[in-house]
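Structure first, commentary second.
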Amino acid sequence: MADAANADRRESTRARRPGRVRMSGADRREQLIEVSRALFAARGFDGTSVEEIAARAEVSKPVVYEHFGGKEGLYAVVVDREVRTLLDGIRASLTSGHQRELLEQATLALLDYIEAHRDGFRILARDSSLGNAGGSFATILSDVASRVEGILAAEFSRRGLQPKTAPMYAQMLVGMVAVTGQWWLDAQSPRKAEVAAHLVNLAWNGLSHLQPDPSLVTLSTP
């Protein structure tokens with residue numbers, strides 16, 4: 001009886017200690033995802049250890065292994081969540097409209113994601129090479145490009161150009177936006193709408209027909 005009482009008192013004392021928070025399994029999982037997301041963004045996959053994740057979350061290493069099986073499993077969950085967030089945003093942005101408006105919507109959706117999910121974008125862009133067909137970010141860009149391809153094919157046909165070249169141009173366009181987004185994330189200037197306007201200006205008008213002061217038609221519509 002005395003041992004049981006002592007154990008109860010010790011448990012009660014631990015529960016009252018500052019910084020010690022009791023969490024459900026689901027809450028602990030979310031905490032580990034958020035902690036590791038920040039570490040992966042700052043140091044990359046190879047630069048982040050399970051020990052560091054556990055220490056930052058104030059848990060033991062076995063807790064991380066219990067939830068995710070290891071660093072690889074945790075990283076896969078983080079990347080999958082970022083992929084779904086980005087693709088959901090792009091799909092939701094592509095509403096009906098003129099081809100240029102759809103192009104603007106896709107460009108803004110990618111920049112919106114970069115702005116709102118800086119850590120997530122750093123993870124995708126850092127650890128998933130743009131040139132690696134098996135990389136997560138490359139897979140995302142390919143998915144986006146396949147949607148942009150239809151926009152370009154229709155416009156190419158209207159202008160008497162070869163629609164069969166649309167897939168290649170779609171890859172060029174999406175890659176251009178992604179790489180510019182990486183630069184913009186660090187430069188933090190100019191404003192997002194201005195970056196998008198210049199990207200669409202180059203993509204839509206080409207170097208020989210650049211507008212001196214481009215703007216987004218979707219933002220000028222009342």
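Simple scheme: letters A, B, ... for chains in structure tokens order, numbers from 1 for residues in each chain, numbers from 1 for ligands in the order shown.
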
**Prompt:** Got a sec: who's within 9 Å of Arg56 of chain A, counting only C-alpha atoms, leaving out chain neighbours fewer than 3 positions off, as an MDAnalysis selection string?
**Reply:** chainID A and resid 32 35:36 51:53 59

Generate a file of the selected residues that holds N, CA, C and O atoms, formatted as a PDB file, in the first residue's frame.
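Saved to part_8.pdb:
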ATOM      1  N   LEU A  32       5.708  16.029 -32.668  1.00  0.00           N
ATOM      2  CA  LEU A  32       6.938  15.521 -33.279  1.00  0.00           C
ATOM      3  C   LEU A  32       7.049  15.944 -34.741  1.00  0.00           C
ATOM      4  O   LEU A  32       8.141  16.252 -35.227  1.00  0.00           O
ATOM      5  N   VAL A  35       8.034  19.711 -34.691  1.00  0.00           N
ATOM      6  CA  VAL A  35       9.415  19.871 -34.251  1.00  0.00           C
ATOM      7  C   VAL A  35      10.385  19.446 -35.356  1.00  0.00           C
ATOM      8  O   VAL A  35      11.347  20.154 -35.674  1.00  0.00           O
ATOM      9  N   SER A  36      10.147  18.280 -35.920  1.00  0.00           N
ATOM     10  CA  SER A  36      11.049  17.774 -36.958  1.00  0.00           C
ATOM     11  C   SER A  36      10.965  18.621 -38.229  1.00  0.00           C
ATOM     12  O   SER A  36      11.970  18.807 -38.926  1.00  0.00           O
ATOM     13  N   GLU A  51      18.053  11.989 -32.038  1.00  0.00           N
ATOM     14  CA  GLU A  51      18.367  12.501 -30.705  1.00  0.00           C
ATOM     15  C   GLU A  51      17.947  13.967 -30.577  1.00  0.00           C
ATOM     16  O   GLU A  51      17.375  14.374 -29.555  1.00  0.00           O
ATOM     17  N   GLU A  52      18.224  14.737 -31.602  1.00  0.00           N
ATOM     18  CA  GLU A  52      17.897  16.160 -31.561  1.00  0.00           C
ATOM     19  C   GLU A  52      16.385  16.376 -31.592  1.00  0.00           C
ATOM     20  O   GLU A  52      15.852  17.246 -30.898  1.00  0.00           O
ATOM     21  N   ILE A  53      15.696  15.603 -32.412  1.00  0.00           N
ATOM     22  CA  ILE A  53      14.231  15.704 -32.474  1.00  0.00           C
ATOM     23  C   ILE A  53      13.623  15.374 -31.117  1.00  0.00           C
ATOM     24  O   ILE A  53      12.755  16.093 -30.605  1.00  0.00           O
ATOM     25  N   VAL A  59      11.143  14.412 -25.236  1.00  0.00           N
ATOM     26  CA  VAL A  59      10.736  13.016 -25.082  1.00  0.00           C
ATOM     27  C   VAL A  59      11.976  12.151 -25.257  1.00  0.00           C
ATOM     28  O   VAL A  59      13.056  12.636 -25.610  1.00  0.00           O
TER      29      VAL A  59
END

**Request:** Tell me which protein, DNA and RNA residues are within 9 Å of Val177 of chain A, counting only C-alpha atoms, leaving out same-chain ones fewer than 6 positions away, and put them as a list in words.
**Result:** Thr107, Leu110, Leu111, Ala196 and Leu199 of chain A

**Message:** If you run DSSP on the backbone here, which positions in segment 57-217 of chain A get helix (DSSP H, G or I)? Please write them as a PyMOL selection string.
**Reply:** chain A and resi 57+61-68+71-93+99-116+118-127+136-158+163-187+192-205+207-209+217

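Atom to atom, atom CA of Leu94 of chain A and atom CA of Leu161 of chain A stand 23.8 Å apart.
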
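For the atom pair formed by atom CA of Arg43 of chain A and atom CA of Ala138 of chain A, the distance is 20.4 Å, given to one decimal.
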
**Residue neighbourhood Gly25 of chain A, 12 Å, only C-alpha atoms, exclusion window fewer than 3 positions, as a PyMOL selection string** = chain A and resi 22+28-32+63-64+66-68

Store the residues picked out above, limited to C-alpha atoms, as a PDB file, in the first residue's frame.
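Everything below was put into result-v1.pdb:
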ATOM      1  CA  ARG A  22       0.728  15.196 -20.829  1.00  0.00           C
ATOM      2  CA  ARG A  28       2.363  13.834 -29.432  1.00  0.00           C
ATOM      3  CA  ARG A  29       2.537  12.747 -33.056  1.00  0.00           C
ATOM      4  CA  GLU A  30       1.625  16.249 -34.221  1.00  0.00           C
ATOM      5  CA  GLN A  31       4.202  17.753 -31.891  1.00  0.00           C
ATOM      6  CA  LEU A  32       6.938  15.521 -33.279  1.00  0.00           C
ATOM      7  CA  VAL A  63       8.908   7.706 -28.405  1.00  0.00           C
ATOM      8  CA  VAL A  64      10.006   8.901 -31.868  1.00  0.00           C
ATOM      9  CA  GLU A  66       7.236   4.229 -31.561  1.00  0.00           C
ATOM     10  CA  HIS A  67       5.326   6.804 -33.635  1.00  0.00           C
ATOM     11  CA  PHE A  68       7.305   6.815 -36.891  1.00  0.00           C
TER      12      PHE A  68
END

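In this comparison, which uses only C-alpha atoms, the residue of A:Ile140, A:Leu216, A:Leu124, A:Ile90 approaching Glu194 of chain A most closely is A:Leu216.
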
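Distances to Ala54 of chain A were evaluated for A:Gly206, A:Pro167, A:Gly70, A:Pro212 using only C-alpha atoms, and the minimum falls at A:Gly70.
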
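Remark: for Leu202 of chain A, the closest of the candidate residues A:Asp119, A:Glu104, A:Asp46, A:Glu149 is A:Glu104 (distances computed over only C-alpha atoms).
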